[in-house]
>>> print(open('upload-v1.tsv').read())   # TSV, N, CA and C atoms
chain	number	residue	atom	x	y	z
U	1	SER	N	-9.72	39.79	50.08
U	1	SER	CA	-8.58	40.39	50.74
U	1	SER	C	-8.49	41.86	50.39
U	2	ASP	N	-7.92	42.61	51.30
U	2	ASP	CA	-7.71	44.02	51.07
U	2	ASP	C	-6.28	44.23	50.57
U	3	TYR	N	-6.14	44.73	49.37
U	3	TYR	CA	-4.83	44.97	48.80
U	3	TYR	C	-4.50	46.44	48.77
U	4	SER	N	-5.08	47.22	49.69
U	4	SER	CA	-4.73	48.63	49.80
U	4	SER	C	-3.24	48.75	50.03
U	5	PHE	N	-2.64	49.69	49.37
U	5	PHE	CA	-1.21	49.96	49.49
U	5	PHE	C	-0.34	48.83	48.94
U	6	SER	N	-0.92	47.93	48.14
U	6	SER	CA	-0.17	46.89	47.46
U	6	SER	C	-0.12	47.25	45.99
U	7	TYR	N	0.99	46.95	45.36
U	7	TYR	CA	1.16	47.27	43.95
U	7	TYR	C	1.53	46.01	43.20
U	8	ALA	N	1.11	45.92	41.94
U	8	ALA	CA	1.42	44.77	41.08
U	8	ALA	C	1.47	45.25	39.64
U	9	PRO	N	2.20	44.54	38.78
U	9	PRO	CA	2.26	44.92	37.37
U	9	PRO	C	0.88	44.86	36.72
U	10	ALA	N	0.58	45.89	35.93
U	10	ALA	CA	-0.72	45.97	35.26
U	10	ALA	C	-0.57	46.68	33.92
U	11	ARG	N	-1.60	46.51	33.11
U	11	ARG	CA	-1.67	47.18	31.79
U	11	ARG	C	-2.93	48.02	31.79
U	12	ILE	N	-2.83	49.27	31.28
U	12	ILE	CA	-3.99	50.15	31.20
U	12	ILE	C	-4.88	49.69	30.06
U	13	THR	N	-6.16	49.51	30.36
U	13	THR	CA	-7.11	49.07	29.33
U	13	THR	C	-8.14	50.14	29.00
U	14	GLY	N	-8.22	51.19	29.80
U	14	GLY	CA	-9.17	52.27	29.54
U	14	GLY	C	-8.98	53.39	30.53
U	15	THR	N	-9.66	54.52	30.27
U	15	THR	CA	-9.53	55.67	31.16
U	15	THR	C	-10.85	56.42	31.27
U	16	ASP	N	-10.99	57.16	32.35
U	16	ASP	CA	-12.17	57.99	32.59
U	16	ASP	C	-11.65	59.40	32.90
U	17	ASP	N	-11.56	60.25	31.89
U	17	ASP	CA	-11.11	61.64	32.05
U	17	ASP	C	-9.69	61.78	32.61
U	18	ASN	N	-8.86	60.75	32.44
U	18	ASN	CA	-7.48	60.75	32.94
U	18	ASN	C	-7.36	60.85	34.46
U	19	TRP	N	-8.44	60.62	35.19
U	19	TRP	CA	-8.37	60.61	36.65
U	19	TRP	C	-8.41	59.18	37.19
U	20	PHE	N	-9.19	58.34	36.53
U	20	PHE	CA	-9.28	56.93	36.90
U	20	PHE	C	-8.98	56.09	35.68
U	21	PHE	N	-8.25	55.00	35.90
U	21	PHE	CA	-7.87	54.13	34.80
U	21	PHE	C	-8.33	52.71	35.07
U	22	ASP	N	-8.79	52.05	34.00
U	22	ASP	CA	-9.12	50.63	34.07
U	22	ASP	C	-7.82	49.86	33.84
U	23	LEU	N	-7.52	48.92	34.74
U	23	LEU	CA	-6.29	48.16	34.66
U	23	LEU	C	-6.56	46.67	34.61
U	24	LYS	N	-5.70	45.96	33.90
U	24	LYS	CA	-5.71	44.50	33.92
U	24	LYS	C	-4.36	44.09	34.48
U	25	PHE	N	-4.39	43.41	35.63
U	25	PHE	CA	-3.17	43.01	36.30
U	25	PHE	C	-2.58	41.75	35.68
U	26	TYR	N	-1.34	41.47	36.05
U	26	TYR	CA	-0.61	40.31	35.52
U	26	TYR	C	-1.37	39.01	35.71
U	27	ASP	N	-2.22	38.94	36.75
U	27	ASP	CA	-2.96	37.71	37.06
U	27	ASP	C	-4.36	37.71	36.43
U	28	SER	N	-4.61	38.65	35.51
U	28	SER	CA	-5.88	38.81	34.78
U	28	SER	C	-6.99	39.44	35.60
U	29	SER	N	-6.73	39.78	36.87
U	29	SER	CA	-7.74	40.50	37.64
U	29	SER	C	-7.79	41.93	37.11
U	30	GLU	N	-8.92	42.61	37.35
U	30	GLU	CA	-9.12	43.96	36.84
U	30	GLU	C	-9.55	44.89	37.95
U	31	ALA	N	-9.20	46.17	37.80
U	31	ALA	CA	-9.58	47.17	38.79
U	31	ALA	C	-9.58	48.54	38.15
U	32	GLU	N	-10.33	49.46	38.79
U	32	GLU	CA	-10.29	50.87	38.41
U	32	GLU	C	-9.45	51.58	39.48
U	33	VAL	N	-8.40	52.30	39.05
U	33	VAL	CA	-7.44	52.86	39.97
U	33	VAL	C	-7.25	54.35	39.67
U	34	PRO	N	-7.18	55.19	40.70
U	34	PRO	CA	-6.94	56.62	40.46
U	34	PRO	C	-5.50	56.86	39.97
U	35	ARG	N	-5.33	57.86	39.15
U	35	ARG	CA	-4.04	58.17	38.54
U	35	ARG	C	-2.94	58.35	39.59
U	36	GLU	N	-3.24	58.98	40.71
U	36	GLU	CA	-2.21	59.25	41.71
U	36	GLU	C	-1.66	57.99	42.38
U	37	GLU	N	-2.29	56.85	42.15
U	37	GLU	CA	-1.81	55.58	42.72
U	37	GLU	C	-1.02	54.76	41.70
U	38	MET	N	-0.75	55.31	40.53
U	38	MET	CA	-0.09	54.55	39.48
U	38	MET	C	1.33	55.07	39.24
U	39	TYR	N	2.21	54.16	38.91
U	39	TYR	CA	3.59	54.50	38.55
U	39	TYR	C	3.88	53.88	37.18
U	40	TYR	N	4.51	54.64	36.32
U	40	TYR	CA	4.84	54.15	34.99
U	40	TYR	C	6.00	53.14	35.07
U	41	ILE	N	5.87	52.03	34.34
U	41	ILE	CA	6.98	51.10	34.13
U	41	ILE	C	7.01	50.77	32.65
U	42	SER	N	8.15	50.40	32.14
U	42	SER	CA	8.28	50.04	30.73
U	42	SER	C	7.66	48.66	30.51
U	43	ALA	N	7.39	48.34	29.26
U	43	ALA	CA	6.88	47.01	28.92
U	43	ALA	C	7.89	45.94	29.33
U	44	GLU	N	9.17	46.26	29.18
U	44	GLU	CA	10.21	45.31	29.58
U	44	GLU	C	10.16	45.03	31.08
U	45	GLN	N	10.02	46.09	31.89
U	45	GLN	CA	9.93	45.89	33.33
U	45	GLN	C	8.67	45.12	33.70
U	46	TYR	N	7.55	45.42	33.02
U	46	TYR	CA	6.30	44.68	33.26
U	46	TYR	C	6.55	43.18	33.07
U	47	HIS	N	7.18	42.80	31.96
U	47	HIS	CA	7.42	41.38	31.67
U	47	HIS	C	8.41	40.77	32.65
U	48	GLU	N	9.45	41.52	33.03
U	48	GLU	CA	10.41	41.01	34.01
U	48	GLU	C	9.75	40.80	35.38
U	49	ASP	N	8.96	41.78	35.82
U	49	ASP	CA	8.29	41.68	37.12
U	49	ASP	C	7.28	40.54	37.13
U	50	THR	N	6.54	40.42	36.04
U	50	THR	CA	5.55	39.35	35.93
U	50	THR	C	6.23	37.99	35.98
U	51	LYS	N	7.32	37.83	35.27
U	51	LYS	CA	8.05	36.56	35.28
U	51	LYS	C	8.56	36.26	36.68
U	52	PHE	N	9.12	37.27	37.36
U	52	PHE	CA	9.63	37.09	38.71
U	52	PHE	C	8.52	36.59	39.65
U	53	ILE	N	7.36	37.24	39.60
U	53	ILE	CA	6.23	36.85	40.46
U	53	ILE	C	5.78	35.44	40.14
U	54	ARG	N	5.62	35.14	38.86
U	54	ARG	CA	5.16	33.80	38.46
U	54	ARG	C	6.17	32.71	38.83
U	55	ASP	N	7.46	33.01	38.74
U	55	ASP	CA	8.49	32.04	39.14
U	55	ASP	C	8.38	31.72	40.63
U	56	ILE	N	8.15	32.74	41.45
U	56	ILE	CA	7.98	32.52	42.89
U	56	ILE	C	6.73	31.69	43.16
U	57	GLU	N	5.62	32.05	42.49
U	57	GLU	CA	4.38	31.29	42.67
U	57	GLU	C	4.57	29.83	42.27
U	58	GLU	N	5.24	29.61	41.14
U	58	GLU	CA	5.45	28.25	40.65
U	58	GLU	C	6.35	27.45	41.60
U	59	ALA	N	7.35	28.11	42.18
U	59	ALA	CA	8.27	27.43	43.10
U	59	ALA	C	7.54	26.94	44.36
U	60	LEU	N	6.43	27.60	44.72
U	60	LEU	CA	5.67	27.18	45.91
U	60	LEU	C	4.77	25.98	45.66
U	61	LEU	N	4.48	25.68	44.40
U	61	LEU	CA	3.59	24.56	44.10
U	61	LEU	C	4.16	23.26	44.67
U	62	GLY	N	3.33	22.55	45.44
U	62	GLY	CA	3.76	21.30	46.06
U	62	GLY	C	4.50	21.49	47.37
U	63	SER	N	4.72	22.74	47.78
U	63	SER	CA	5.44	23.02	49.02
U	63	SER	C	4.52	22.90	50.23
U	64	PHE	N	5.09	22.40	51.31
U	64	PHE	CA	4.36	22.38	52.57
U	64	PHE	C	4.51	23.75	53.22
U	65	VAL	N	3.41	24.27	53.75
U	65	VAL	CA	3.37	25.59	54.35
U	65	VAL	C	2.57	25.52	55.64
U	66	VAL	N	2.68	26.57	56.42
U	66	VAL	CA	1.79	26.77	57.56
U	66	VAL	C	0.83	27.86	57.13
U	67	VAL	N	-0.48	27.59	57.21
U	67	VAL	CA	-1.49	28.48	56.65
U	67	VAL	C	-2.64	28.66	57.64
U	68	ARG	N	-3.23	29.86	57.62
U	68	ARG	CA	-4.38	30.10	58.51
U	68	ARG	C	-5.60	29.37	57.98
U	69	ASP	N	-6.25	28.65	58.88
U	69	ASP	CA	-7.53	27.99	58.59
U	69	ASP	C	-8.61	28.97	59.02
U	70	ASN	N	-9.29	29.57	58.05
U	70	ASN	CA	-10.28	30.61	58.37
U	70	ASN	C	-11.48	30.08	59.12
U	71	SER	N	-11.66	28.77	59.19
U	71	SER	CA	-12.81	28.23	59.92
U	71	SER	C	-12.66	28.40	61.43
U	72	ASP	N	-11.42	28.43	61.94
U	72	ASP	CA	-11.23	28.61	63.37
U	72	ASP	C	-10.10	29.58	63.74
U	73	GLY	N	-9.39	30.10	62.74
U	73	GLY	CA	-8.34	31.08	62.99
U	73	GLY	C	-7.00	30.50	63.37
U	74	LEU	N	-6.91	29.17	63.52
U	74	LEU	CA	-5.63	28.55	63.83
U	74	LEU	C	-4.84	28.36	62.55
U	75	TYR	N	-3.55	28.21	62.70
U	75	TYR	CA	-2.67	27.95	61.57
U	75	TYR	C	-2.34	26.46	61.55
U	76	ARG	N	-2.35	25.87	60.36
U	76	ARG	CA	-2.11	24.44	60.22
U	76	ARG	C	-1.18	24.18	59.04
U	77	ARG	N	-0.62	22.97	59.02
U	77	ARG	CA	0.21	22.58	57.89
U	77	ARG	C	-0.69	22.23	56.70
U	78	GLY	N	-0.30	22.70	55.55
U	78	GLY	CA	-1.02	22.40	54.32
U	78	GLY	C	-0.04	22.36	53.17
U	79	MET	N	-0.55	22.13	51.96
U	79	MET	CA	0.30	22.08	50.78
U	79	MET	C	-0.27	22.99	49.70
U	80	VAL	N	0.59	23.79	49.09
U	80	VAL	CA	0.17	24.67	48.01
U	80	VAL	C	-0.11	23.83	46.77
U	81	THR	N	-1.33	23.95	46.24
U	81	THR	CA	-1.68	23.17	45.05
U	81	THR	C	-1.81	24.05	43.81
U	82	ARG	N	-2.02	25.37	44.03
U	82	ARG	CA	-2.16	26.26	42.87
U	82	ARG	C	-2.02	27.70	43.32
U	83	ALA	N	-1.37	28.49	42.47
U	83	ALA	CA	-1.30	29.94	42.68
U	83	ALA	C	-2.38	30.56	41.81
U	84	THR	N	-3.20	31.41	42.40
U	84	THR	CA	-4.31	32.01	41.65
U	84	THR	C	-4.10	33.50	41.45
U	85	GLY	N	-2.86	33.95	41.52
U	85	GLY	CA	-2.58	35.37	41.35
U	85	GLY	C	-2.50	36.07	42.69
U	86	ARG	N	-3.62	36.38	43.27
U	86	ARG	CA	-3.60	37.11	44.55
U	86	ARG	C	-3.91	36.22	45.74
U	87	SER	N	-3.94	34.94	45.53
U	87	SER	CA	-4.13	34.01	46.63
U	87	SER	C	-3.53	32.66	46.24
U	88	TYR	N	-3.48	31.78	47.22
U	88	TYR	CA	-2.99	30.42	46.97
U	88	TYR	C	-4.09	29.44	47.29
U	89	GLU	N	-4.16	28.39	46.47
U	89	GLU	CA	-5.05	27.27	46.74
U	89	GLU	C	-4.22	26.29	47.57
U	90	ILE	N	-4.77	25.92	48.73
U	90	ILE	CA	-4.04	25.09	49.69
U	90	ILE	C	-4.86	23.85	50.01
U	91	SER	N	-4.21	22.69	49.97
U	91	SER	CA	-4.82	21.46	50.44
U	91	SER	C	-4.61	21.42	51.95
U	92	LEU	N	-5.71	21.40	52.69
U	92	LEU	CA	-5.66	21.49	54.15
U	92	LEU	C	-6.64	20.51	54.76
U	93	ASN	N	-6.12	19.50	55.42
U	93	ASN	CA	-6.96	18.49	56.09
U	93	ASN	C	-7.99	17.88	55.15
U	94	GLY	N	-7.61	17.59	53.92
U	94	GLY	CA	-8.52	16.97	52.97
U	94	GLY	C	-9.42	17.94	52.23
U	95	ASP	N	-9.41	19.20	52.62
U	95	ASP	CA	-10.20	20.22	51.95
U	95	ASP	C	-9.27	21.11	51.14
U	96	THR	N	-9.85	21.90	50.25
U	96	THR	CA	-9.09	22.89	49.50
U	96	THR	C	-9.60	24.26	49.89
U	97	ILE	N	-8.67	25.14	50.27
U	97	ILE	CA	-9.05	26.50	50.66
U	97	ILE	C	-8.26	27.49	49.81
U	98	LEU	N	-8.76	28.70	49.71
U	98	LEU	CA	-8.02	29.82	49.11
U	98	LEU	C	-7.54	30.69	50.25
U	99	GLN	N	-6.27	31.12	50.19
U	99	GLN	CA	-5.76	31.94	51.27
U	99	GLN	C	-4.87	33.05	50.73
U	100	ASP	N	-4.96	34.19	51.37
U	100	ASP	CA	-4.14	35.36	51.08
U	100	ASP	C	-2.67	35.03	51.37
U	101	PRO	N	-1.74	35.48	50.51
U	101	PRO	CA	-0.32	35.19	50.75
U	101	PRO	C	0.19	35.63	52.12
U	102	ALA	N	-0.39	36.66	52.70
U	102	ALA	CA	0.05	37.13	54.02
U	102	ALA	C	-0.21	36.09	55.10
U	103	GLN	N	-1.11	35.14	54.84
U	103	GLN	CA	-1.45	34.12	55.83
U	103	GLN	C	-0.84	32.76	55.47
U	104	VAL	N	0.12	32.76	54.56
U	104	VAL	CA	0.81	31.54	54.14
U	104	VAL	C	2.28	31.69	54.54
U	105	PHE	N	2.76	30.80	55.40
U	105	PHE	CA	4.13	30.86	55.89
U	105	PHE	C	4.94	29.71	55.31
U	106	THR	N	6.03	30.09	54.66
U	106	THR	CA	6.95	29.11	54.06
U	106	THR	C	8.22	29.08	54.89
U	107	ASP	N	9.12	28.17	54.57
U	107	ASP	CA	10.42	28.14	55.25
U	107	ASP	C	11.13	29.47	55.11
U	108	TYR	N	10.93	30.13	53.97
U	108	TYR	CA	11.57	31.42	53.72
U	108	TYR	C	11.18	32.44	54.79
U	109	LYS	N	9.93	32.37	55.27
U	109	LYS	CA	9.45	33.36	56.23
U	109	LYS	C	9.88	33.05	57.67
U	110	LYS	N	10.59	31.93	57.89
U	110	LYS	CA	11.03	31.62	59.26
U	110	LYS	C	12.07	32.62	59.75
U	111	SER	N	12.75	33.28	58.84
U	111	SER	CA	13.71	34.34	59.16
U	111	SER	C	14.69	33.92	60.25
U	112	PRO	N	15.60	32.96	59.97
U	112	PRO	CA	16.53	32.51	61.00
U	112	PRO	C	17.46	33.63	61.49
U	113	ASN	N	17.63	34.68	60.70
U	113	ASN	CA	18.50	35.77	61.11
U	113	ASN	C	17.77	36.85	61.91
U	114	GLN	N	16.46	36.68	62.07
U	114	GLN	CA	15.67	37.66	62.82
U	114	GLN	C	15.94	37.50	64.31
U	115	THR	N	16.25	38.58	64.99
U	115	THR	CA	16.47	38.55	66.43
U	115	THR	C	15.12	38.47	67.13
U	116	LEU	N	14.96	37.47	67.98
U	116	LEU	CA	13.73	37.31	68.76
U	116	LEU	C	14.00	37.77	70.19
U	117	LEU	N	13.23	38.73	70.62
U	117	LEU	CA	13.39	39.31	71.95
U	117	LEU	C	12.07	39.25	72.70
U	118	PRO	N	12.10	39.35	74.03
U	118	PRO	CA	10.84	39.43	74.76
U	118	PRO	C	9.97	40.53	74.17
U	119	GLY	N	8.72	40.23	73.95
U	119	GLY	CA	7.79	41.16	73.33
U	119	GLY	C	7.63	40.92	71.83
U	120	SER	N	8.51	40.07	71.25
U	120	SER	CA	8.39	39.72	69.83
U	120	SER	C	7.14	38.88	69.61
U	121	HIS	N	6.62	38.92	68.42
U	121	HIS	CA	5.45	38.13	68.06
U	121	HIS	C	5.86	37.01	67.12
U	122	CYS	N	5.17	35.87	67.19
U	122	CYS	CA	5.52	34.74	66.34
U	122	CYS	C	4.30	33.83	66.19
U	123	ILE	N	4.44	32.87	65.31
U	123	ILE	CA	3.47	31.78	65.19
U	123	ILE	C	4.25	30.53	65.55
U	124	CYS	N	3.71	29.75	66.48
U	124	CYS	CA	4.42	28.55	66.91
U	124	CYS	C	3.42	27.42	67.19
U	125	PRO	N	3.93	26.17	67.26
U	125	PRO	CA	3.05	25.01	67.45
U	125	PRO	C	2.30	25.05	68.78
U	126	LEU	N	1.04	24.62	68.71
U	126	LEU	CA	0.23	24.49	69.92
U	126	LEU	C	0.29	23.09	70.50
U	127	ASP	N	0.76	22.13	69.70
U	127	ASP	CA	0.79	20.75	70.15
U	127	ASP	C	2.12	20.10	69.78
U	128	ASP	N	2.41	18.95	70.42
U	128	ASP	CA	3.68	18.27	70.18
U	128	ASP	C	3.82	17.77	68.74
U	129	LEU	N	2.72	17.49	68.08
U	129	LEU	CA	2.77	16.98	66.70
U	129	LEU	C	2.95	18.11	65.69
U	130	GLN	N	2.92	19.33	66.15
U	130	GLN	CA	3.06	20.51	65.31
U	130	GLN	C	2.03	20.54	64.18
U	131	ASN	N	0.80	20.18	64.53
U	131	ASN	CA	-0.29	20.22	63.55
U	131	ASN	C	-1.06	21.52	63.60
U	132	SER	N	-1.08	22.19	64.75
U	132	SER	CA	-1.79	23.45	64.89
U	132	SER	C	-0.83	24.50	65.43
U	133	PHE	N	-0.97	25.72	64.90
U	133	PHE	CA	-0.09	26.83	65.29
U	133	PHE	C	-0.98	27.99	65.70
U	134	SER	N	-0.45	28.87	66.53
U	134	SER	CA	-1.21	30.03	66.95
U	134	SER	C	-0.29	31.23	67.08
U	135	PRO	N	-0.80	32.45	66.79
U	135	PRO	CA	0.01	33.64	67.02
U	135	PRO	C	0.19	33.86	68.51
U	136	LEU	N	1.41	34.16	68.91
U	136	LEU	CA	1.70	34.39	70.31
U	136	LEU	C	2.62	35.58	70.47
U	137	LYS	N	2.63	36.17	71.67
U	137	LYS	CA	3.59	37.21	72.02
U	137	LYS	C	4.49	36.62	73.09
U	138	TRP	N	5.79	36.70	72.86
U	138	TRP	CA	6.76	36.16	73.80
U	138	TRP	C	6.83	37.06	75.02
U	139	SER	N	6.58	36.46	76.19
U	139	SER	CA	6.70	37.18	77.46
U	139	SER	C	7.72	36.48	78.31
U	140	PRO	N	8.67	37.21	78.89
U	140	PRO	CA	9.71	36.57	79.72
U	140	PRO	C	9.13	36.06	81.03
>>> encode(input="upload-v1.tsv", output="structure tokens")
Amino acid sequence: SDYSFSYAPARITGTDDNWFFDLKFYDSSEAEVPREEMYYISAEQYHEDTKFIRDIEEALLGSFVVVRDNSDGLYRRGMVTRATGRSYEISLNGDTILQDPAQVFTDYKKSPNQTLLPGSHCICPLDDLQNSFSPLKWSP
């Protein structure tokens, strides 16, 4: 997945002339990041942010979600079995897949307060059993 323009709590583990820094993120992943893309946070904020993220990840465990099946691009119902930091492990049709959080839809993302107007985009069921979903644009 491309996490350009995404930020997450990290700890500096090394530096290269103060222009690039080696980072270890809250999920144990590592990256080299230019100084201009970093913002200072206190150790307390790091721990608070990390706890907040982990609590959300843990709350999704065992939840039913609508998730993109990368084998055909359709969205299907699955169950979150594990959070791996920057992706979710999903049980889908008897298989286990890893998926980017942007492609995992929970009840929270249904946004009942969102105004839907002609031209709005959504993901909705393709069949009466609501087993497959597809991105659509609403046309009047």
>>> atom_distance(input="upload-v1.tsv", atom1="atom C of Gly78 (chain U)", atom2="atom N of Ile56 (chain U)")
17.7 Å
>>> select_by_dssp(input="upload-v1.tsv", residues="chain U", states="strand (DSSP E)", output="MDAnalysis selection string")
chainID U and resid 10:16 20:25 30:34 64:68 75:83 88:92 95:99 104:105 121:125 132:137
>>> atom_distance(input="upload-v1.tsv", atom1="CA of Ala10 (chain U)", atom2="atom C of Leu23 (chain U)")
5.9 Å
>>> atom_distance(input="upload-v1.tsv", atom1="atom N of Phe25 (chain U)", atom2="CA of Pro9 (chain U)")
7.0 Å
>>> closest_residue(input="upload-v1.tsv", among="U:Arg77, U:Asp55, U:Leu117, U:Gln103", to="Ser91 (chain U)", atoms="only N, CA and C atoms")
U:Arg77
